[in-house]
Every structure is written in structure tokens, then in C-alpha cells.
$ cat my_file.txt   # compact mmCIF, C-alpha atoms
# COMPACT_ATOMS: atom_id res chain seq x y z
CA MET L 778 0.00 0.00 0.00
CA ARG L 779 2.87 2.35 0.83
CA GLU L 780 4.49 1.69 -2.56
CA LEU L 781 1.17 2.31 -4.30
CA ALA L 782 0.73 5.64 -2.50
CA SER L 783 4.29 6.64 -3.39
CA ALA L 784 3.74 5.77 -7.06
CA PHE L 785 0.49 7.75 -7.08
CA ASN L 786 2.20 10.83 -5.61
CA ASP L 787 5.03 10.54 -8.13
CA LYS L 788 2.53 10.42 -10.98
CA LYS L 789 0.74 13.52 -9.64
CA ALA L 790 4.07 15.36 -9.48
CA GLN L 791 4.86 14.38 -13.08
CA ILE L 792 1.46 15.63 -14.24
CA ARG L 793 2.01 18.97 -12.49
CA VAL L 794 5.39 19.36 -14.19
CA LEU L 795 3.93 18.55 -17.62
CA ILE L 796 1.06 20.99 -17.14
CA GLY L 797 3.50 23.67 -16.01
CA GLU L 798 5.74 23.15 -19.04
CA ARG L 799 2.78 23.23 -21.42
CA THR L 800 1.48 26.42 -19.85
CA ARG L 801 4.87 28.13 -20.12
CA VAL L 802 5.33 27.14 -23.78
CA LEU L 803 1.87 28.41 -24.66
CA ALA L 804 2.54 31.61 -22.74
CA VAL L 805 5.63 32.31 -24.87
CA ILE L 806 3.65 31.73 -28.07
CA ALA L 807 0.73 33.79 -26.77
CA HIS L 808 3.01 36.72 -25.94
CA ASP L 809 4.20 36.92 -29.55
CA LEU L 810 0.72 36.45 -31.00
CA ARG L 811 -0.66 39.31 -28.93
CA THR L 812 1.55 41.78 -30.81
CA TYR L 813 0.22 40.64 -34.19
CA LEU L 814 -3.38 40.71 -32.96
CA ALA L 815 -2.93 44.31 -31.83
CA ARG L 816 -1.85 45.22 -35.37
CA LEU L 817 -4.76 43.30 -36.89
CA ARG L 818 -7.22 45.13 -34.68
CA LEU L 819 -5.93 48.48 -35.86
CA ARG L 820 -6.30 47.38 -39.48
CA ALA L 821 -9.79 46.05 -38.81
CA GLU L 822 -10.88 49.56 -37.85
CA PHE L 823 -10.42 50.56 -41.51
CA ILE L 824 -12.80 47.94 -42.93
CA ASP L 825 -15.52 49.81 -44.84
CA ASP L 826 -18.42 47.44 -44.21
CA PRO L 827 -19.65 48.20 -40.64
CA ASP L 828 -21.02 44.69 -40.13
CA GLN L 829 -17.83 43.00 -41.28
CA GLN L 830 -15.78 45.43 -39.23
CA ALA L 831 -17.75 44.62 -36.08
CA ARG L 832 -17.35 40.89 -36.67
CA ALA L 833 -13.63 41.20 -37.30
CA VAL L 834 -13.08 43.31 -34.20
CA ARG L 835 -15.15 40.90 -32.09
CA ASP L 836 -13.17 37.89 -33.32
CA ILE L 837 -9.86 39.64 -32.66
CA ASP L 838 -10.98 40.73 -29.20
CA GLU L 839 -11.98 37.15 -28.35
CA MET L 840 -8.62 35.84 -29.51
CA THR L 841 -6.86 38.55 -27.52
CA ALA L 842 -8.86 37.63 -24.42
CA LEU L 843 -7.89 33.98 -24.82
CA ILE L 844 -4.23 34.94 -25.17
CA ASN L 845 -4.40 37.20 -22.12
CA ASP L 846 -5.96 34.33 -20.21
CA THR L 847 -3.11 32.06 -21.25
CA LEU L 848 -0.53 34.61 -20.12
CA LEU L 849 -2.30 35.10 -16.81
CA ALA L 850 -2.45 31.34 -16.23
CA ASP L 851 1.35 31.40 -16.39
CA ARG L 852 2.24 33.05 -13.09
CA ASP L 853 5.65 34.18 -14.37
CA SER L 854 3.96 36.26 -17.11
CA ALA L 855 1.22 37.72 -14.92
CA PRO L 856 1.33 41.40 -13.95
CA PRO L 857 2.28 42.18 -10.33
CA SER L 858 -0.46 42.24 -7.72
CA HIS L 859 -1.03 45.17 -5.38
CA PRO L 860 -2.91 43.97 -2.29
CA GLU L 861 -4.49 46.68 -0.16
CA ARG L 862 -7.04 46.96 2.61
CA VAL L 863 -10.48 46.10 1.23
CA THR L 864 -13.68 46.44 3.23
CA VAL L 865 -15.47 43.16 2.56
CA ALA L 866 -19.06 44.38 3.05
CA GLN L 867 -18.63 47.28 0.64
CA ALA L 868 -16.77 45.27 -2.01
CA LEU L 869 -19.26 42.40 -1.97
CA ALA L 870 -22.23 44.77 -2.07
CA GLU L 871 -20.86 46.50 -5.17
CA ILE L 872 -20.25 43.20 -6.94
CA VAL L 873 -23.66 41.77 -6.03
CA ASP L 874 -25.46 44.97 -7.08
CA ALA L 875 -23.77 44.82 -10.48
CA HIS L 876 -25.06 41.30 -11.04
CA ARG L 877 -28.53 42.15 -9.78
CA GLU L 878 -28.72 44.88 -12.42
CA LEU L 879 -28.43 42.04 -14.93
CA ASP L 880 -31.47 40.37 -13.30
CA GLU L 881 -29.30 37.61 -11.87
CA ALA L 882 -30.50 35.92 -8.68
CA VAL L 883 -27.59 36.73 -6.38
CA THR L 884 -28.01 37.13 -2.61
CA LEU L 885 -25.58 38.46 -0.02
CA ALA L 886 -25.72 37.49 3.65
CA PRO L 887 -25.05 40.29 6.19
CA VAL L 888 -21.34 41.06 6.57
CA PRO L 889 -19.83 43.00 9.53
CA ASP L 890 -18.89 46.53 8.47
CA ASP L 891 -15.45 46.30 10.07
CA LEU L 892 -14.42 43.09 8.29
CA ALA L 893 -11.45 43.77 5.97
CA ILE L 894 -9.00 41.72 3.90
CA ALA L 895 -5.73 42.23 2.04
CA ALA L 896 -6.55 41.97 -1.67
CA THR L 897 -6.09 43.59 -5.05
CA PRO L 898 -9.53 45.17 -5.69
CA LEU L 899 -9.65 44.42 -9.41
CA SER L 900 -8.54 40.84 -8.82
CA LEU L 901 -11.19 40.37 -6.14
CA HIS L 902 -13.87 41.64 -8.52
CA ARG L 903 -12.69 39.36 -11.31
CA ILE L 904 -12.55 36.33 -9.02
CA LEU L 905 -16.06 36.82 -7.68
CA ASP L 906 -17.48 37.81 -11.08
CA ASN L 907 -16.15 34.55 -12.47
CA PHE L 908 -17.64 32.40 -9.73
CA ILE L 909 -20.98 34.22 -9.78
CA ALA L 910 -21.23 33.98 -13.57
CA ASN L 911 -20.36 30.29 -13.37
CA GLY L 912 -23.03 29.72 -10.72
CA VAL L 913 -25.73 31.59 -12.62
CA ARG L 914 -24.82 29.79 -15.84
CA HIS L 915 -25.11 26.32 -14.33
CA GLY L 916 -27.84 27.01 -11.77
CA ASN L 917 -30.61 29.44 -10.92
CA ALA L 918 -29.31 31.32 -7.89
CA VAL L 919 -26.05 32.20 -6.17
CA ALA L 920 -25.58 32.91 -2.46
CA ILE L 921 -22.58 34.84 -1.14
CA SER L 922 -21.41 35.11 2.45
CA ALA L 923 -18.28 36.07 4.37
CA HIS L 924 -17.06 35.39 7.86
CA ALA L 925 -13.85 35.68 9.84
CA THR L 926 -11.94 32.61 10.98
CA GLY L 927 -9.22 33.92 13.27
CA GLU L 928 -6.58 35.68 11.16
CA THR L 929 -8.33 34.92 7.88
CA VAL L 930 -11.62 35.73 6.15
CA ASP L 931 -13.58 33.21 4.10
CA ILE L 932 -15.70 34.50 1.21
CA VAL L 933 -18.10 31.76 0.14
CA VAL L 934 -19.91 31.55 -3.21
CA GLU L 935 -22.50 28.79 -3.46
CA ASP L 936 -24.87 27.96 -6.32
CA ASP L 937 -27.83 25.61 -6.71
CA GLY L 938 -26.65 23.99 -9.93
CA PRO L 939 -25.85 20.32 -10.55
CA GLY L 940 -22.48 20.69 -8.86
CA VAL L 941 -19.37 18.61 -9.47
CA PRO L 942 -18.77 15.02 -8.31
CA VAL L 943 -16.29 14.61 -5.47
CA ASP L 944 -13.75 12.95 -7.78
CA GLY L 945 -13.96 15.92 -10.15
CA LEU L 946 -13.30 18.66 -7.58
CA ALA L 947 -9.54 18.10 -7.61
CA SER L 948 -9.32 18.95 -11.34
CA LEU L 949 -11.02 22.34 -10.91
CA GLY L 950 -8.52 25.17 -11.21
CA ILE L 951 -5.97 23.17 -13.21
CA PRO L 952 -5.05 24.92 -16.51
CA PHE L 953 -6.59 23.37 -19.64
CA GLN L 954 -8.62 20.90 -17.58
CA ARG L 955 -12.42 21.14 -17.91
CA PHE L 956 -15.02 19.14 -16.04
CA ASP L 957 -17.29 19.31 -19.09
CA PRO L 958 -15.24 18.76 -22.28
CA SER L 959 -18.12 19.97 -24.47
CA ARG L 960 -17.99 23.54 -23.18
CA SER L 961 -17.20 26.35 -25.59
CA ARG L 962 -15.38 29.59 -24.69
CA GLU L 963 -18.72 31.09 -23.65
CA THR L 964 -19.39 28.22 -21.24
CA GLY L 965 -15.91 27.32 -20.14
CA GLY L 966 -13.42 28.39 -22.76
CA ALA L 967 -10.08 26.64 -22.95
CA GLY L 968 -10.30 25.44 -19.37
CA LEU L 969 -8.52 28.55 -18.12
CA GLY L 970 -11.31 30.36 -16.25
CA LEU L 971 -10.96 28.67 -12.86
CA ALA L 972 -7.19 28.38 -13.29
CA ILE L 973 -6.97 32.14 -13.74
CA VAL L 974 -9.19 32.74 -10.73
CA ARG L 975 -6.95 30.53 -8.61
CA ALA L 976 -3.83 32.26 -9.96
CA LEU L 977 -5.27 35.69 -9.14
CA ALA L 978 -6.12 34.56 -5.63
CA GLU L 979 -2.73 33.00 -5.00
CA ARG L 980 -0.96 36.18 -6.10
CA ASP L 981 -2.82 37.91 -3.26
CA HIS L 982 -1.73 35.06 -0.95
CA ALA L 983 -5.30 33.76 -0.84
CA GLU L 984 -6.48 30.16 -1.17
CA VAL L 985 -9.37 28.71 -3.17
CA PHE L 986 -11.26 25.62 -2.03
CA PHE L 987 -13.87 23.76 -4.09
CA GLY L 988 -16.54 21.63 -2.47
CA GLN L 989 -20.11 20.44 -2.74
CA GLY L 990 -22.88 22.77 -1.62
CA ALA L 991 -25.73 21.81 0.69
CA PRO L 992 -28.37 21.54 -2.09
CA GLY L 993 -25.90 19.75 -4.35
CA GLY L 994 -24.40 22.73 -6.15
CA LEU L 995 -20.80 23.94 -6.23
CA ARG L 996 -19.42 25.64 -3.12
CA VAL L 997 -16.34 27.81 -3.50
CA LYS L 998 -14.44 29.29 -0.58
CA ILE L 999 -11.80 32.00 -1.07
CA ARG L 1000 -9.65 32.53 2.02
CA TYR L 1001 -7.90 35.90 2.42
CA ALA L 1002 -5.65 37.28 5.12
CA ARG L 1003 -7.65 39.40 7.54
CA VAL L 1004 -6.67 43.03 8.09
CA GLU L 1005 -7.33 44.44 11.53
CA ASP L 1006 -8.07 48.12 12.14

$ encode --input "my_file.txt" --output "C-alpha cells"
Amino acid sequence: MRELASAFNDKKAQIRVLIGERTRVLAVIAHDLRTYLARLRLRAEFIDDPDQQARAVRDIDEMTALINDTLLADRDSAPPSHPERVTVAQALAEIVDAHRELDEAVTLAPVPDDLAIAATPLSLHRILDNFIANGVRHGNAVAISAHATGETVDIVVEDDGPGVPVDGLASLGIPFQRFDPSRSRETGGAGLGLAIVRALAERDHAEVFFGQGAPGGLRVKIRYARVED
């Protein structure tokens, strides 16, 4: 049994190395492609047909977004983070209000006014936007809460969708790994969405945990360092 466990751990380590190498190679390619896409976008602005111009610009923007995602998934190519004191109640309220304006069923449990974390504001918004959008896409409603646990603060995003089997939770957040292989970019892209979210969180020294929600949906917990007044 001990030899089997050792072999299993070795295989996991090999997989991590292979994924890391693949991500770095793609990041190098993506960096060069981004320059050419920027030139193409400028040229697309001169297309006479408005409809064709809009389509060309949209396609280029989508390719650029995919490339930026690839670069961000490679931590060495990601821009530096700038964590600062963020009031949790205010930040969550702003994010939830933005989604409610889109008629999305997002609820926020009461959060103490003095609860604060160390985070990069834009990264926090992108992380939560991603999880909320994922929850709304695969379920009907999303519930958000936050509470302190000693020197840390847990922000929890839980949806009422079909969830993910226990044996599939470990693959969430791994670059280019998707629970549902049939997803397109609009519903999962190249498997980078959750990997980027995890990378953004880790750059702010936060942790992301995936689990099963009470009604069977997906439960995500983002743990940040708590900032005292």
C-alpha cells in the first residue's frame, strides 16, 4: 500500500510538471501572437463594411482575451499584484449589485462593516465575477457570504446547480482541464477560467477551495488574510 501511495504521488508530481511546461510554452507563443493581434485590430478599424468590421473586431478581441488568459495562467507572465485593505461588506455589495442589475439571482448574507481583507480590488472583482457567472450559468441562484476565521476571512460563493462530483473537484482550477469537455469559450473556454481565478487569488496570498454545496451545487471558498483596524 505504501508503494502504491508513493507511485500515485510521483505520478501527480509528473502531471504537475507537464502541465506547467505546457502552460509556459503556450505563454511564450501567446506573448508573440498578442503583438500581431494588436496590429490586426488596428487594421480592422479601416474595414468599410460596418457589419464585417464589427465581426472582425469581435473575433480579434476574443482571440486577444484567450491569449491574455493564457498569459495570466502562467504566473511568471502575470502582472504584479497590489494587495491593499479592502472592506469586505462594501466590495461584496458593489459586486452583487452589479449582477442584480443584470437580473441575476444573487443574494448576499449580512457582513460585519469592520471586516477587511488584504486583496487587489480588481482581482477580487474578477474572481467573484467569475464564480458568480459560473453559478448563474449552471444554476438558478447564487448565495454569497463572508465570515472571519481567526486571522483569515472566508468568502463563500454557493450555487444551486448540478455541482461537481467529489472525484472531479480536484481537477477544478488546473489549466486546460475542464469538467465538461463539451464547453465552448462562452461556457468554459479553454479550461482557463478557474485556473486564472486561482492564480489571481494566490498572487494575493489567498487560497481557493472547491466543495459540494448543501443543495448539491458547487461551493467555492476564497480565504484571504484578515486586516485588523

$ atom_distance --input "my_file.txt" --atom1 "atom CA of L:Leu905" --atom2 "atom CA of L:Glu1005"
22.4 Å

$ residues_around --input "my_file.txt" --residues "L:Gln867" --least-positions-apart "2" --cutoff "12 Å" --atoms "all atoms listed in the file" --output "list in words"
Arg862, Val863, Thr864, Val865, Leu869, Ala870, Glu871, Ile872, Val873, Asp874, Leu885, Pro887, Val888, Pro889, Asp890, Asp891, Leu892, Ala893, Ile894, Pro898, His902 and Ala923 of chain L

$ atom_distance --input "my_file.txt" --atom1 "atom CA of L:Ile999" --atom2 "atom CA of L:Phe908"
10.5 Å

$ atom_distance --input "my_file.txt" --atom1 "atom CA of L:Ala875" --atom2 "atom CA of L:Glu861"
21.9 Å

$ closest_residue --input "my_file.txt" --among "L:Asp944, L:Asp981, L:Glu839, L:Val997" --to "L:Ile909" --atoms "all atoms listed in the file"
L:Val997

$ closest_residue --input "my_file.txt" --among "L:Ile932, L:Ala833, L:Ala886, L:Ala918" --to "L:Glu984" --atoms "only C-alpha atoms"
L:Ile932

$ residues_around --input "my_file.txt" --residues "stretch 810-826 of chain L" --least-positions-apart "3" --cutoff "8 Å" --atoms "only C-alpha atoms" --output "list in words"
Ile806, Ala807, Gln829, Gln830, Ala833, Val834, Ile837, Asp838, Met840, Thr841 and Ile844 of chain L

$ write_last_selection --input "my_file.txt" --atoms "C-alpha atoms" --output "CSV table (one decimal), keeping the file's coordinate frame"
chain,number,residue,atom,x,y,z
L,806,ILE,CA,3.6,31.7,-28.1
L,807,ALA,CA,0.7,33.8,-26.8
L,829,GLN,CA,-17.8,43.0,-41.3
L,830,GLN,CA,-15.8,45.4,-39.2
L,833,ALA,CA,-13.6,41.2,-37.3
L,834,VAL,CA,-13.1,43.3,-34.2
L,837,ILE,CA,-9.9,39.6,-32.7
L,838,ASP,CA,-11.0,40.7,-29.2
L,840,MET,CA,-8.6,35.8,-29.5
L,841,THR,CA,-6.9,38.6,-27.5
L,844,ILE,CA,-4.2,34.9,-25.2

$ axis_aligned_box --input "my_file.txt" --around "stretch 889-907 of chain L" --padding-each-side "5 Å" --output "JSON"
{"center_x": -12.8, "center_y": 40.5, "center_z": -1.2, "size_x": 24.1, "size_y": 22.0, "size_z": 32.5}

$ residues_near_point --input "my_file.txt" --point "(-1.9, 42.9, -8.2)" --cutoff "10 Å" --atoms "only C-alpha atoms" --output "PDB file with C-alpha atoms, keeping the file's coordinate frame"
ATOM      1  CA  ALA L 855       1.220  37.720 -14.920  1.00  0.00           C
ATOM      2  CA  PRO L 856       1.330  41.400 -13.950  1.00  0.00           C
ATOM      3  CA  PRO L 857       2.280  42.180 -10.330  1.00  0.00           C
ATOM      4  CA  SER L 858      -0.460  42.240  -7.720  1.00  0.00           C
ATOM      5  CA  HIS L 859      -1.030  45.170  -5.380  1.00  0.00           C
ATOM      6  CA  PRO L 860      -2.910  43.970  -2.290  1.00  0.00           C
ATOM      7  CA  GLU L 861      -4.490  46.680  -0.160  1.00  0.00           C
ATOM      8  CA  ALA L 896      -6.550  41.970  -1.670  1.00  0.00           C
ATOM      9  CA  THR L 897      -6.090  43.590  -5.050  1.00  0.00           C
ATOM     10  CA  PRO L 898      -9.530  45.170  -5.690  1.00  0.00           C
ATOM     11  CA  LEU L 899      -9.650  44.420  -9.410  1.00  0.00           C
ATOM     12  CA  SER L 900      -8.540  40.840  -8.820  1.00  0.00           C
ATOM     13  CA  LEU L 901     -11.190  40.370  -6.140  1.00  0.00           C
ATOM     14  CA  LEU L 977      -5.270  35.690  -9.140  1.00  0.00           C
ATOM     15  CA  ALA L 978      -6.120  34.560  -5.630  1.00  0.00           C
ATOM     16  CA  ARG L 980      -0.960  36.180  -6.100  1.00  0.00           C
ATOM     17  CA  ASP L 981      -2.820  37.910  -3.260  1.00  0.00           C
TER      18      ASP L 981
END

$ closest_residue --input "my_file.txt" --among "L:Ile973, L:Leu946, L:Ala882, L:Ala895" --to "L:Ile921" --atoms "all atoms listed in the file"
L:Ala882

$ build_atoms --input "my_file.txt" --residues "stretch 808-837 of chain L" --atoms "N, CA and C atoms" --output "compact mmCIF listing (two decimals), keeping the file's coordinate frame"
# COMPACT_ATOMS: atom_id res chain seq x y z
N HIS L 808 2.42 35.38 -26.06
CA HIS L 808 3.01 36.72 -25.94
C HIS L 808 3.33 37.29 -27.32
N ASP L 809 3.87 36.46 -28.20
CA ASP L 809 4.20 36.92 -29.55
C ASP L 809 2.94 37.17 -30.38
N LEU L 810 1.95 36.29 -30.24
CA LEU L 810 0.72 36.45 -31.00
C LEU L 810 -0.03 37.72 -30.62
N ARG L 811 0.08 38.13 -29.37
CA ARG L 811 -0.66 39.31 -28.93
C ARG L 811 -0.22 40.56 -29.70
N THR L 812 1.05 40.63 -30.04
CA THR L 812 1.55 41.78 -30.81
C THR L 812 0.90 41.83 -32.19
N TYR L 813 0.82 40.69 -32.85
CA TYR L 813 0.22 40.64 -34.19
C TYR L 813 -1.29 40.91 -34.13
N LEU L 814 -1.94 40.45 -33.09
CA LEU L 814 -3.38 40.71 -32.96
C LEU L 814 -3.65 42.20 -32.75
N ALA L 815 -2.76 42.87 -32.03
CA ALA L 815 -2.93 44.31 -31.83
C ALA L 815 -2.86 45.04 -33.17
N ARG L 816 -1.95 44.61 -34.04
CA ARG L 816 -1.85 45.22 -35.37
C ARG L 816 -3.09 44.91 -36.21
N LEU L 817 -3.56 43.67 -36.14
CA LEU L 817 -4.76 43.30 -36.89
C LEU L 817 -5.97 44.11 -36.46
N ARG L 818 -6.06 44.37 -35.17
CA ARG L 818 -7.22 45.13 -34.68
C ARG L 818 -7.21 46.54 -35.23
N LEU L 819 -6.03 47.14 -35.29
CA LEU L 819 -5.93 48.48 -35.86
C LEU L 819 -6.35 48.48 -37.33
N ARG L 820 -5.93 47.47 -38.06
CA ARG L 820 -6.30 47.38 -39.48
C ARG L 820 -7.79 47.10 -39.65
N ALA L 821 -8.37 46.36 -38.72
CA ALA L 821 -9.79 46.05 -38.81
C ALA L 821 -10.65 47.30 -38.69
N GLU L 822 -10.13 48.31 -38.01
CA GLU L 822 -10.88 49.56 -37.85
C GLU L 822 -11.10 50.26 -39.19
N PHE L 823 -10.31 49.90 -40.20
CA PHE L 823 -10.42 50.56 -41.51
C PHE L 823 -11.28 49.77 -42.50
N ILE L 824 -11.90 48.69 -42.06
CA ILE L 824 -12.80 47.94 -42.93
C ILE L 824 -14.05 48.78 -43.20
N ASP L 825 -14.41 48.92 -44.47
CA ASP L 825 -15.52 49.81 -44.84
C ASP L 825 -16.88 49.28 -44.39
N ASP L 826 -17.12 48.01 -44.57
CA ASP L 826 -18.42 47.44 -44.21
C ASP L 826 -18.55 47.39 -42.68
N PRO L 827 -19.50 48.15 -42.10
CA PRO L 827 -19.65 48.20 -40.64
C PRO L 827 -19.90 46.83 -40.01
N ASP L 828 -20.71 46.01 -40.68
CA ASP L 828 -21.02 44.69 -40.13
C ASP L 828 -19.79 43.80 -40.11
N GLN L 829 -19.05 43.80 -41.21
CA GLN L 829 -17.83 43.00 -41.28
C GLN L 829 -16.78 43.52 -40.31
N GLN L 830 -16.73 44.84 -40.17
CA GLN L 830 -15.78 45.43 -39.23
C GLN L 830 -16.07 44.98 -37.81
N ALA L 831 -17.36 45.02 -37.43
CA ALA L 831 -17.75 44.62 -36.08
C ALA L 831 -17.41 43.15 -35.83
N ARG L 832 -17.66 42.31 -36.83
CA ARG L 832 -17.35 40.89 -36.67
C ARG L 832 -15.85 40.65 -36.54
N ALA L 833 -15.08 41.36 -37.35
CA ALA L 833 -13.63 41.20 -37.30
C ALA L 833 -13.07 41.64 -35.95
N VAL L 834 -13.54 42.79 -35.49
CA VAL L 834 -13.08 43.31 -34.20
C VAL L 834 -13.47 42.36 -33.07
N ARG L 835 -14.69 41.83 -33.13
CA ARG L 835 -15.15 40.90 -32.09
C ARG L 835 -14.29 39.64 -32.07
N ASP L 836 -14.00 39.10 -33.25
CA ASP L 836 -13.17 37.89 -33.32
C ASP L 836 -11.77 38.15 -32.77
N ILE L 837 -11.21 39.30 -33.13
CA ILE L 837 -9.86 39.64 -32.66
C ILE L 837 -9.86 39.84 -31.15
